[in-house]
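**Student:** Here's a structure for you.
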Amino acid sequence: MTPLVEIERLAVRHGGTRVLHDVSLSVAPGEIVTIVGPNGSGKSTLLRAIIGAVTPDAGTVRRADGLRIGYVPQKMPLDPSLPLTVRRFLSLPKRGGDAGRALEEAGAADLAERQMTALSGGQLQRVALARALMEAPDLLLLDEATQGLDQPGSAAFYKRIEAVRRETGCGVLMVSHELHVVMAASDRVVCLNGHVCCEGTPNQIVDAPEWRALFGTGTAGALALYRHQHTHEHHH
Amino acid sequence: MDPLGSFLVRAALAGVGVALAAAPLGCVVAWRRMAFFGDATAHAAILGVAGALTLAVAPVWGALLAALAMGAGVAWLSERGWAADTALAVLSHGALAVGLVAISLVGVRVDPEAVLLGDVLAVSRGDLAVIWGGAAVVGALLWWRWDRILVATLGDDLARASGVDPDRERAALTLALAVVIAVGIEVVGALLIAALMVVPAAAARPWAGTPERMVAVAMGIGATAALAGLWGSWAWDVPTGPAMVCAATGAFAASAAWDRLRG
């Protein structure tokens, strides 16, 4: 299958600082890939390179022809002086499209007539997801989309992402710092620290020495916890 | 009878024209937290007026060019992380001071007060054509790019992911800002043109649930304030530009008080 996006030996500099180097990565249709890494490891820069917001110093970022990207930002600079209903927000930049369905899929069906500035953090994230779905995306990009949510809140959010992937078949590339939730939702985890330290399925990666060097062995416990929760759920 | 023969009619049309163009731009400026940017650009226009007078061209062209240069300069600085409050303040006040010195060097041909506070009672038919022409350009530009401007207001990366180039929208806004300032200087002056943008927008905020409604209400408040200011200036013999901004500020106070009372 042709990848949705294919990155080869990408290098990005900010001023004199090397932010990314030698990063190769691809996302296939229907695949959920999560990028984890410490602060300043270049996770957001990688996403910004994919949407074309930063110019590579070396390497290539290839997007599939006519690739539609749905982007869920970390946060939006919503000034209180801007009156904006959720419905109007969903119509940006293209009017038309099924706002009701997108809100339904994002779990925000009851929010259509609310003001954006009156939403809670969790509601705002679901609405941002709904707007991304309005683009009928081939690829969903989520940048720390659960920041500010509590643990059940972000777990529910990632469940929703999985449901969206199942229903629409889109690929998902997300950045997260929440290792335990990442484990639950991803097909593949990429550990980034300027370059790709290691990558693999959640099960493979927790055993990688590079992973342990970055996150310690505590994350294996998180995985165990996830496995436990997973089996637990199946009993219901 | 020729209605444009009366200087009061010309002044009213000039005030309303500038207010109608300034209000939608003022809304965008408020949403994007660019109010200080507007001030800096308006102050730069003073230098442009001085330059135009030296070269014996119409002041509006000098103001337009200087406002564009300042807008582009500030945008360039902000891309490099320099648009901190302090940098903008230095540019804004520096431009004001340099502009005033330049005006005085041009000599007796221009009254600094007219540049700073406007001289709407002296608007000619030609000025009126320039003002309404400029207002039409700004209106058309905003209308054409409206949804893209709104997306860009919600964040550069969000815009880019949707195929909207935020730098292009920023450039369109800089152009619109420069045009409003250039045509507005004769009406309310370089000191207060930014106020005629932002104050009606702020007054309109409590009455709007969508961006478009806020623009419509702000245009109504701005045009009414222009007429009320003209009337007040006639009745009490006070400068017209400041009187217009006083009326808009009064509308803001009333709007904020009413909003608070209704809860």
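Starting from 1 in every chain, residues are counted up; chains themselves are A, B, ... following the order of the structure tokens, and ligands are numbered from 1 as listed.
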Quick one: residues within 6 Å of region 37-46 of chain A, only C-alpha atoms counted, chain neighbours fewer than 3 positions away excluded, as a PyMOL selection string?

**Tutor:** chain A and resi 19+49+191-194

**Student:** Please, could you write that set of residues out with all heavy atoms as an mmCIF file, in the first residue's frame?

**Tutor:**
```
data_model
loop_
_atom_site.group_PDB
_atom_site.id
_atom_site.type_symbol
_atom_site.label_atom_id
_atom_site.label_comp_id
_atom_site.auth_asym_id
_atom_site.auth_seq_id
_atom_site.Cartn_x
_atom_site.Cartn_y
_atom_site.Cartn_z
ATOM 1 N N VAL A 19 17.327 20.402 15.349
ATOM 2 C CA VAL A 19 16.136 19.900 16.044
ATOM 3 C C VAL A 19 15.852 18.455 15.648
ATOM 4 O O VAL A 19 15.551 17.619 16.491
ATOM 5 C CB VAL A 19 14.913 20.787 15.725
ATOM 6 C CG1 VAL A 19 13.702 20.323 16.527
ATOM 7 C CG2 VAL A 19 15.215 22.239 16.041
ATOM 8 N N ALA A 49 6.561 19.750 10.000
ATOM 9 C CA ALA A 49 7.197 19.468 8.711
ATOM 10 C C ALA A 49 6.220 18.754 7.785
ATOM 11 O O ALA A 49 6.217 18.977 6.569
ATOM 12 C CB ALA A 49 8.457 18.628 8.918
ATOM 13 N N CYS A 191 9.861 6.273 18.928
ATOM 14 C CA CYS A 191 10.461 7.035 20.008
ATOM 15 C C CYS A 191 11.459 8.013 19.417
ATOM 16 O O CYS A 191 12.396 7.622 18.718
ATOM 17 C CB CYS A 191 11.140 6.063 20.960
ATOM 18 S SG CYS A 191 12.040 6.879 22.243
ATOM 19 N N LEU A 192 11.212 9.297 19.670
ATOM 20 C CA LEU A 192 11.985 10.346 19.006
ATOM 21 C C LEU A 192 12.798 11.120 20.039
ATOM 22 O O LEU A 192 12.302 11.460 21.108
ATOM 23 C CB LEU A 192 11.013 11.292 18.293
ATOM 24 C CG LEU A 192 11.603 12.293 17.312
ATOM 25 C CD1 LEU A 192 12.033 11.587 16.041
ATOM 26 C CD2 LEU A 192 10.578 13.374 16.986
ATOM 27 N N ASN A 193 14.053 11.377 19.679
ATOM 28 C CA ASN A 193 14.847 12.297 20.496
ATOM 29 C C ASN A 193 15.862 12.972 19.572
ATOM 30 O O ASN A 193 17.043 12.680 19.598
ATOM 31 C CB ASN A 193 15.543 11.545 21.629
ATOM 32 C CG ASN A 193 16.102 12.500 22.667
ATOM 33 O OD1 ASN A 193 15.747 13.689 22.663
ATOM 34 N ND2 ASN A 193 16.970 12.018 23.532
ATOM 35 N N GLY A 194 15.339 13.852 18.704
ATOM 36 C CA GLY A 194 16.171 14.440 17.661
ATOM 37 C C GLY A 194 16.270 13.530 16.468
ATOM 38 O O GLY A 194 16.209 13.957 15.328
#
```

**Student:** Would you list the contacts of His14 (chain A) as a list in words, taking every protein, DNA or RNA residue within 10 Å and counting only C-alpha atoms, but skipping same-chain residues closer than 3 positions in sequence?

**Tutor:**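 In the requested form, the answer reads Thr17, Arg18, Val19, Leu20, Thr45, Val54 and Asp57 of chain A.
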
**Student:** Generate a file of the selected residues that holds all heavy atoms, formatted as a PDB file, in the first residue's frame.

**Tutor:**
```
ATOM      1  N   THR A  17      20.408  25.559  16.034  1.00  0.00           N
ATOM      2  CA  THR A  17      20.197  24.309  16.757  1.00  0.00           C
ATOM      3  C   THR A  17      19.636  23.232  15.833  1.00  0.00           C
ATOM      4  O   THR A  17      18.712  23.472  15.069  1.00  0.00           O
ATOM      5  CB  THR A  17      19.189  24.522  17.902  1.00  0.00           C
ATOM      6  OG1 THR A  17      19.412  25.814  18.448  1.00  0.00           O
ATOM      7  CG2 THR A  17      19.348  23.461  18.965  1.00  0.00           C
ATOM      8  N   ARG A  18      20.202  22.045  15.956  1.00  0.00           N
ATOM      9  CA  ARG A  18      19.699  20.918  15.191  1.00  0.00           C
ATOM     10  C   ARG A  18      18.521  20.330  15.943  1.00  0.00           C
ATOM     11  O   ARG A  18      18.675  19.845  17.064  1.00  0.00           O
ATOM     12  CB  ARG A  18      20.819  19.895  15.045  1.00  0.00           C
ATOM     13  CG  ARG A  18      20.536  18.834  14.030  1.00  0.00           C
ATOM     14  CD  ARG A  18      21.800  18.098  13.720  1.00  0.00           C
ATOM     15  NE  ARG A  18      22.184  17.245  14.851  1.00  0.00           N
ATOM     16  CZ  ARG A  18      23.074  16.242  14.752  1.00  0.00           C
ATOM     17  NH1 ARG A  18      23.678  16.005  13.611  1.00  0.00           N
ATOM     18  NH2 ARG A  18      23.373  15.507  15.797  1.00  0.00           N
ATOM     19  N   VAL A  19      17.327  20.402  15.349  1.00  0.00           N
ATOM     20  CA  VAL A  19      16.136  19.900  16.044  1.00  0.00           C
ATOM     21  C   VAL A  19      15.852  18.455  15.648  1.00  0.00           C
ATOM     22  O   VAL A  19      15.551  17.619  16.491  1.00  0.00           O
ATOM     23  CB  VAL A  19      14.913  20.787  15.725  1.00  0.00           C
ATOM     24  CG1 VAL A  19      13.702  20.323  16.527  1.00  0.00           C
ATOM     25  CG2 VAL A  19      15.215  22.239  16.041  1.00  0.00           C
ATOM     26  N   LEU A  20      15.955  18.188  14.350  1.00  0.00           N
ATOM     27  CA  LEU A  20      15.733  16.831  13.860  1.00  0.00           C
ATOM     28  C   LEU A  20      16.864  16.471  12.914  1.00  0.00           C
ATOM     29  O   LEU A  20      17.339  17.319  12.169  1.00  0.00           O
ATOM     30  CB  LEU A  20      14.408  16.741  13.090  1.00  0.00           C
ATOM     31  CG  LEU A  20      13.095  16.884  13.866  1.00  0.00           C
ATOM     32  CD1 LEU A  20      11.924  16.955  12.886  1.00  0.00           C
ATOM     33  CD2 LEU A  20      12.912  15.750  14.840  1.00  0.00           C
ATOM     34  N   THR A  45       7.870  19.604  15.833  1.00  0.00           N
ATOM     35  CA  THR A  45       8.537  20.023  14.603  1.00  0.00           C
ATOM     36  C   THR A  45       8.305  19.010  13.492  1.00  0.00           C
ATOM     37  O   THR A  45       8.089  19.376  12.335  1.00  0.00           O
ATOM     38  CB  THR A  45      10.049  20.192  14.854  1.00  0.00           C
ATOM     39  OG1 THR A  45      10.225  21.103  15.934  1.00  0.00           O
ATOM     40  CG2 THR A  45      10.752  20.725  13.624  1.00  0.00           C
ATOM     41  N   VAL A  54       7.339  23.907   8.328  1.00  0.00           N
ATOM     42  CA  VAL A  54       8.784  24.145   8.414  1.00  0.00           C
ATOM     43  C   VAL A  54       9.450  23.530   7.187  1.00  0.00           C
ATOM     44  O   VAL A  54       9.015  22.507   6.660  1.00  0.00           O
ATOM     45  CB  VAL A  54       9.425  23.545   9.698  1.00  0.00           C
ATOM     46  CG1 VAL A  54       8.947  24.259  10.922  1.00  0.00           C
ATOM     47  CG2 VAL A  54       9.149  22.065   9.808  1.00  0.00           C
ATOM     48  N   ASP A  57      15.911  21.119   6.142  1.00  0.00           N
ATOM     49  CA  ASP A  57      17.263  21.485   5.723  1.00  0.00           C
ATOM     50  C   ASP A  57      17.867  20.371   4.879  1.00  0.00           C
ATOM     51  O   ASP A  57      18.763  20.605   4.078  1.00  0.00           O
ATOM     52  CB  ASP A  57      18.139  21.759   6.946  1.00  0.00           C
ATOM     53  CG  ASP A  57      17.753  23.056   7.613  1.00  0.00           C
ATOM     54  OD1 ASP A  57      18.064  24.112   7.037  1.00  0.00           O
ATOM     55  OD2 ASP A  57      17.121  23.015   8.672  1.00  0.00           O
TER      56      ASP A  57
END
```

**Student:** Residues of chain A within 8 Å of chain B: nearest atom pair and distance (Å, one decimal) for each, counting only C-alpha atoms, sorted by chain and number, as a tab-separated table?

**Tutor:**
```
residue	atom	partner	partner_atom	distance
A:Arg48	CA	B:Asp157	CA	7.1
A:Ile51	CA	B:Ala161	CA	5.3
A:Gly52	CA	B:Arg160	CA	7.1
A:Ala53	CA	B:Asp157	CA	6.7
A:Ile69	CA	B:Ala161	CA	6.1
A:Gly70	CA	B:Ala161	CA	6.9
A:Tyr71	CA	B:Ala161	CA	6.1
A:Val72	CA	B:Leu158	CA	7.5
A:Pro73	CA	B:Leu158	CA	6.6
A:Met76	CA	B:Leu154	CA	5.8
A:Pro77	CA	B:Leu154	CA	5.9
A:Leu78	CA	B:Leu154	CA	6.5
A:Asp79	CA	B:Trp31	CA	5.7
A:Pro80	CA	B:Trp31	CA	7.8
A:Ser81	CA	B:Trp31	CA	5.8
A:Leu82	CA	B:Trp31	CA	5.4
A:Pro83	CA	B:Thr210	CA	4.9
A:Leu84	CA	B:Thr210	CA	4.9
A:Thr85	CA	B:Thr210	CA	6.4
A:Arg88	CA	B:Thr210	CA	7.5
A:Leu92	CA	B:Val151	CA	6.1
A:Pro93	CA	B:Asp147	CA	5.4
A:Lys94	CA	B:Asp147	CA	7.7
A:Gln115	CA	B:Gly209	CA	7.4
A:Glu135	CA	B:Ser162	CA	8.0
```

**Student:** Please compute the CA of Val16 (chain B)-CA of Ala69 (chain B) distance, one decimal, in Å.

**Tutor:**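 Computing the Euclidean distance for CA of Val16 (chain B) and CA of Ala69 (chain B) yields 26.8 Å.
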
**Student:** Could you pull out all residues of region 38-229 of chain A with a DSSP call of strand (DSSP E) and give them as a PDB file with C-alpha atoms, in the first residue's frame?

**Tutor:**
```
ATOM      1  CA  ALA A  58      17.833  18.051   4.285  1.00  0.00           C
ATOM      2  CA  GLY A  59      15.766  15.016   3.387  1.00  0.00           C
ATOM      3  CA  THR A  60      12.267  14.830   1.986  1.00  0.00           C
ATOM      4  CA  VAL A  61       8.676  14.798   3.175  1.00  0.00           C
ATOM      5  CA  ARG A  62       6.467  13.130   0.575  1.00  0.00           C
ATOM      6  CA  ARG A  63       2.721  13.331   0.905  1.00  0.00           C
ATOM      7  CA  ILE A  69      -4.963  16.182   6.398  1.00  0.00           C
ATOM      8  CA  GLY A  70      -7.122  16.636   9.480  1.00  0.00           C
ATOM      9  CA  TYR A  71      -5.098  18.492  12.088  1.00  0.00           C
ATOM     10  CA  VAL A  72      -5.914  18.691  15.791  1.00  0.00           C
ATOM     11  CA  LEU A 139      -4.471  11.334   7.648  1.00  0.00           C
ATOM     12  CA  LEU A 140      -5.305  12.631  11.115  1.00  0.00           C
ATOM     13  CA  LEU A 141      -2.520  14.539  12.857  1.00  0.00           C
ATOM     14  CA  LEU A 142      -2.845  15.073  16.589  1.00  0.00           C
ATOM     15  CA  ASP A 143      -0.358  17.196  18.483  1.00  0.00           C
ATOM     16  CA  GLY A 171      -4.251   6.862   9.089  1.00  0.00           C
ATOM     17  CA  VAL A 172      -3.409   8.550  12.376  1.00  0.00           C
ATOM     18  CA  LEU A 173      -0.145  10.124  13.441  1.00  0.00           C
ATOM     19  CA  MET A 174      -0.091  11.527  16.923  1.00  0.00           C
ATOM     20  CA  VAL A 175       2.297  13.022  19.376  1.00  0.00           C
ATOM     21  CA  ARG A 188       3.310   1.403  16.142  1.00  0.00           C
ATOM     22  CA  VAL A 189       5.267   3.606  18.505  1.00  0.00           C
ATOM     23  CA  VAL A 190       8.145   5.782  17.355  1.00  0.00           C
ATOM     24  CA  CYS A 191      10.461   7.035  20.008  1.00  0.00           C
ATOM     25  CA  LEU A 192      11.985  10.346  19.006  1.00  0.00           C
ATOM     26  CA  VAL A 196      14.390   8.012  15.758  1.00  0.00           C
ATOM     27  CA  CYS A 197      15.761   6.128  18.779  1.00  0.00           C
ATOM     28  CA  CYS A 198      13.629   3.067  18.286  1.00  0.00           C
ATOM     29  CA  GLU A 199      10.312   2.044  16.855  1.00  0.00           C
ATOM     30  CA  GLY A 200       8.031  -0.948  16.846  1.00  0.00           C
TER      31      GLY A 200
END
```

**Student:** Please provide as a list in words all residues within 9 Å of Phe89 (chain A), with the sequence filter that same-chain residues fewer than 6 positions apart are discarded (counting only C-alpha atoms).

**Tutor:**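 Returned residues: Met116, Val127, Ala128 and Arg131 of chain A; Val151 of chain B.
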
**Student:** Might you pull out every residue within 12 Å of Trp234 (chain B), with only C-alpha atoms counted and same-chain residues fewer than 2 positions away left off, and present them as a JSON list (two decimals) with all heavy atoms, in the first residue's frame?

**Tutor:**
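Full text of part-v6.json as output:
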```json
[["chain", "number", "residue", "atom", "x", "y", "z"],
["B", 7, "PHE", "N", -19.91, 71.25, 2.93],
["B", 7, "PHE", "CA", -18.77, 70.59, 3.58],
["B", 7, "PHE", "C", -19.23, 69.65, 4.69],
["B", 7, "PHE", "O", -18.58, 68.66, 4.99],
["B", 7, "PHE", "CB", -17.77, 71.64, 4.11],
["B", 7, "PHE", "CG", -18.22, 72.37, 5.34],
["B", 7, "PHE", "CD1", -17.81, 71.94, 6.61],
["B", 7, "PHE", "CD2", -19.04, 73.48, 5.26],
["B", 7, "PHE", "CE1", -18.22, 72.60, 7.75],
["B", 7, "PHE", "CE2", -19.46, 74.14, 6.39],
["B", 7, "PHE", "CZ", -19.05, 73.69, 7.64],
["B", 8, "LEU", "N", -20.40, 69.94, 5.27],
["B", 8, "LEU", "CA", -20.90, 69.04, 6.32],
["B", 8, "LEU", "C", -21.31, 67.69, 5.75],
["B", 8, "LEU", "O", -21.05, 66.65, 6.34],
["B", 8, "LEU", "CB", -22.10, 69.68, 7.02],
["B", 8, "LEU", "CG", -21.78, 70.50, 8.27],
["B", 8, "LEU", "CD1", -23.08, 71.03, 8.90],
["B", 8, "LEU", "CD2", -21.00, 69.67, 9.28],
["B", 11, "ALA", "N", -18.16, 65.84, 4.99],
["B", 11, "ALA", "CA", -17.55, 65.34, 6.23],
["B", 11, "ALA", "C", -18.30, 64.11, 6.73],
["B", 11, "ALA", "O", -17.69, 63.12, 7.17],
["B", 11, "ALA", "CB", -17.55, 66.44, 7.29],
["B", 12, "ALA", "N", -19.64, 64.16, 6.67],
["B", 12, "ALA", "CA", -20.44, 63.02, 7.14],
["B", 12, "ALA", "C", -20.15, 61.79, 6.30],
["B", 12, "ALA", "O", -19.92, 60.69, 6.82],
["B", 12, "ALA", "CB", -21.92, 63.38, 7.08],
["B", 120, "VAL", "N", -11.58, 66.61, 9.12],
["B", 120, "VAL", "CA", -12.62, 66.06, 8.25],
["B", 120, "VAL", "C", -13.46, 67.17, 7.62],
["B", 120, "VAL", "O", -14.04, 66.98, 6.56],
["B", 120, "VAL", "CB", -13.51, 65.06, 9.04],
["B", 120, "VAL", "CG1", -14.38, 65.77, 10.04],
["B", 120, "VAL", "CG2", -14.34, 64.21, 8.10],
["B", 121, "LEU", "N", -13.48, 68.35, 8.25],
["B", 121, "LEU", "CA", -14.31, 69.42, 7.69],
["B", 121, "LEU", "C", -13.69, 69.98, 6.41],
["B", 121, "LEU", "O", -14.34, 70.71, 5.67],
["B", 121, "LEU", "CB", -14.51, 70.53, 8.73],
["B", 121, "LEU", "CG", -15.22, 70.05, 10.01],
["B", 121, "LEU", "CD1", -15.41, 71.19, 11.00],
["B", 121, "LEU", "CD2", -16.57, 69.40, 9.68],
["B", 227, "LEU", "N", -21.18, 59.94, 12.75],
["B", 227, "LEU", "CA", -22.21, 60.99, 12.59],
["B", 227, "LEU", "C", -22.42, 61.74, 13.91],
["B", 227, "LEU", "O", -22.52, 62.96, 13.93],
["B", 227, "LEU", "CB", -23.52, 60.37, 12.10],
["B", 227, "LEU", "CG", -23.45, 59.79, 10.68],
["B", 227, "LEU", "CD1", -24.76, 59.09, 10.32],
["B", 227, "LEU", "CD2", -23.14, 60.89, 9.67],
["B", 228, "ALA", "N", -22.46, 60.99, 15.02],
["B", 228, "ALA", "CA", -22.67, 61.63, 16.31],
["B", 228, "ALA", "C", -21.49, 62.55, 16.64],
["B", 228, "ALA", "O", -21.68, 63.65, 17.17],
["B", 228, "ALA", "CB", -22.82, 60.56, 17.40],
["B", 229, "GLY", "N", -20.28, 62.10, 16.30],
["B", 229, "GLY", "CA", -19.11, 62.92, 16.56],
["B", 229, "GLY", "C", -19.13, 64.20, 15.75],
["B", 229, "GLY", "O", -18.78, 65.28, 16.24],
["B", 230, "LEU", "N", -19.56, 64.08, 14.51],
["B", 230, "LEU", "CA", -19.65, 65.27, 13.65],
["B", 230, "LEU", "C", -20.66, 66.26, 14.22],
["B", 230, "LEU", "O", -20.40, 67.47, 14.30],
["B", 230, "LEU", "CB", -20.07, 64.83, 12.24],
["B", 230, "LEU", "CG", -20.11, 65.92, 11.18],
["B", 230, "LEU", "CD1", -18.73, 66.54, 10.98],
["B", 230, "LEU", "CD2", -20.62, 65.35, 9.85],
["B", 231, "TRP", "N", -21.79, 65.72, 14.66],
["B", 231, "TRP", "CA", -22.82, 66.58, 15.24],
["B", 231, "TRP", "C", -22.29, 67.25, 16.52],
["B", 231, "TRP", "O", -22.43, 68.45, 16.72],
["B", 231, "TRP", "CB", -24.07, 65.74, 15.55],
["B", 231, "TRP", "CG", -25.13, 66.53, 16.26],
["B", 231, "TRP", "CD1", -26.03, 67.39, 15.70],
["B", 231, "TRP", "CD2", -25.35, 66.56, 17.66],
["B", 231, "TRP", "NE1", -26.82, 67.95, 16.66],
["B", 231, "TRP", "CE2", -26.43, 67.47, 17.88],
["B", 231, "TRP", "CE3", -24.76, 65.94, 18.77],
["B", 231, "TRP", "CZ2", -26.91, 67.75, 19.16],
["B", 231, "TRP", "CZ3", -25.26, 66.21, 20.03],
["B", 231, "TRP", "CH2", -26.32, 67.11, 20.22],
["B", 232, "GLY", "N", -21.63, 66.46, 17.37],
["B", 232, "GLY", "CA", -21.11, 67.00, 18.62],
["B", 232, "GLY", "C", -20.05, 68.07, 18.36],
["B", 232, "GLY", "O", -19.99, 69.09, 19.05],
["B", 236, "TRP", "N", -20.67, 71.77, 19.84],
["B", 236, "TRP", "CA", -19.85, 72.29, 20.93],
["B", 236, "TRP", "C", -18.51, 72.86, 20.47],
["B", 236, "TRP", "O", -17.65, 73.15, 21.29],
["B", 236, "TRP", "CB", -19.60, 71.18, 21.96],
["B", 236, "TRP", "CG", -20.86, 70.78, 22.66],
["B", 236, "TRP", "CD1", -21.69, 71.60, 23.36],
["B", 236, "TRP", "CD2", -21.43, 69.48, 22.69],
["B", 236, "TRP", "NE1", -22.75, 70.89, 23.84],
["B", 236, "TRP", "CE2", -22.62, 69.58, 23.46],
["B", 236, "TRP", "CE3", -21.08, 68.24, 22.17],
["B", 236, "TRP", "CZ2", -23.45, 68.49, 23.69],
["B", 236, "TRP", "CZ3", -21.90, 67.16, 22.41],
["B", 236, "TRP", "CH2", -23.08, 67.29, 23.16],
["B", 237, "ASP", "N", -18.33, 72.91, 19.16],
["B", 237, "ASP", "CA", -17.10, 73.47, 18.60],
["B", 237, "ASP", "C", -15.85, 72.78, 19.16],
["B", 237, "ASP", "O", -14.97, 73.41, 19.75],
["B", 237, "ASP", "CB", -17.04, 74.99, 18.88],
["B", 237, "ASP", "CG", -15.91, 75.65, 18.10],
["B", 237, "ASP", "OD1", -15.53, 75.09, 17.05],
["B", 237, "ASP", "OD2", -15.41, 76.69, 18.55],
["B", 238, "VAL", "N", -15.83, 71.44, 19.03],
["B", 238, "VAL", "CA", -14.65, 70.66, 19.44],
["B", 238, "VAL", "C", -14.12, 69.93, 18.20],
["B", 238, "VAL", "O", -14.84, 69.79, 17.22],
["B", 238, "VAL", "CB", -15.01, 69.64, 20.55],
["B", 238, "VAL", "CG1", -15.35, 70.36, 21.84],
["B", 238, "VAL", "CG2", -16.14, 68.73, 20.12],
["B", 239, "PRO", "N", -12.86, 69.47, 18.24],
["B", 239, "PRO", "CA", -12.30, 68.81, 17.05],
["B", 239, "PRO", "C", -13.10, 67.55, 16.68],
["B", 239, "PRO", "O", -13.48, 66.77, 17.56],
["B", 239, "PRO", "CB", -10.86, 68.46, 17.45],
["B", 239, "PRO", "CG", -10.74, 68.74, 18.90],
["B", 239, "PRO", "CD", -11.87, 69.64, 19.31],
["B", 240, "THR", "N", -13.31, 67.36, 15.39],
["B", 240, "THR", "CA", -14.26, 66.34, 14.93],
["B", 240, "THR", "C", -13.76, 64.91, 15.15],
["B", 240, "THR", "O", -14.51, 64.05, 15.62],
["B", 240, "THR", "CB", -14.56, 66.54, 13.45],
["B", 240, "THR", "OG1", -14.77, 67.93, 13.22],
["B", 240, "THR", "CG2", -15.79, 65.77, 13.03],
["B", 241, "GLY", "N", -12.49, 64.65, 14.78],
["B", 241, "GLY", "CA", -11.96, 63.29, 14.90],
["B", 241, "GLY", "C", -12.07, 62.75, 16.33],
["B", 241, "GLY", "O", -12.66, 61.69, 16.56],
["B", 243, "ALA", "N", -13.98, 63.81, 18.62],
["B", 243, "ALA", "CA", -15.40, 63.71, 19.00],
["B", 243, "ALA", "C", -15.99, 62.39, 18.51],
["B", 243, "ALA", "O", -16.79, 61.75, 19.21],
["B", 243, "ALA", "CB", -16.18, 64.89, 18.43],
["B", 244, "MET", "N", -15.58, 61.96, 17.31],
["B", 244, "MET", "CA", -16.08, 60.68, 16.77],
["B", 244, "MET", "C", -15.63, 59.52, 17.66],
["B", 244, "MET", "O", -16.41, 58.61, 17.97],
["B", 244, "MET", "CB", -15.56, 60.45, 15.35],
["B", 244, "MET", "CG", -16.20, 61.36, 14.31],
["B", 244, "MET", "SD", -15.44, 61.11, 12.68],
["B", 244, "MET", "CE", -16.47, 62.17, 11.67]]
```

**Student:** According to DSSP computed on the backbone, where in region 109-241 of chain B is there helix (DSSP H, G or I)? Give the residues as number ranges by chain.

**Tutor:** B: 112-117, 120-122, 125-153, 156-161, 166-188, 193-207, 211-236, 240-241

**Student:** Excluding Thr54 (chain B) and its own-chain neighbours fewer than 5 positions away, which residues fall within 12 Å of it when counting only C-alpha atoms? Please give them as a ChimeraX atom specification.

**Tutor:** /B:47-49,59,62,102-110

**Student:** Could you dump the residues just selected with C-alpha atoms as a short mmCIF file (atom, residue, chain, number, x, y, z; two decimals), in the first residue's frame?

**Tutor:**
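Result written to out_4.cif:
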```cif
data_model
loop_
_atom_site.label_atom_id
_atom_site.label_comp_id
_atom_site.auth_asym_id
_atom_site.auth_seq_id
_atom_site.Cartn_x
_atom_site.Cartn_y
_atom_site.Cartn_z
CA LEU B 47 6.33 60.02 8.30
CA GLY B 48 4.77 59.04 4.99
CA VAL B 49 2.66 62.20 4.97
CA PRO B 59 -0.41 62.73 1.38
CA GLY B 62 2.87 58.65 1.31
CA ALA B 102 9.83 65.32 9.74
CA ILE B 103 6.52 67.20 9.54
CA SER B 104 8.07 70.24 11.19
CA LEU B 105 11.02 70.07 8.79
CA VAL B 106 8.63 70.15 5.84
CA GLY B 107 7.72 73.61 7.10
CA VAL B 108 4.59 75.67 7.28
CA ARG B 109 2.77 73.80 4.51
CA VAL B 110 1.18 71.42 6.95
#
```

**Student:** Excluding Gly169 (chain A) and residues on its chain fewer than 6 positions from it, collect all residues at most 10 Å away from it, counting only C-alpha atoms, and give them as a list in words.

**Tutor:**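 Residues meeting the cut-off are Pro29, Gly30, Glu31, Pro137, Asp138, Leu139, Glu162 and Ala163 of chain A.
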
**Student:** What separation in Å, quoted to one decimal, exists between CA of Gly100 (chain A) and CA of Ala185 (chain A)?

**Tutor:**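 The value is 25.7 Å.
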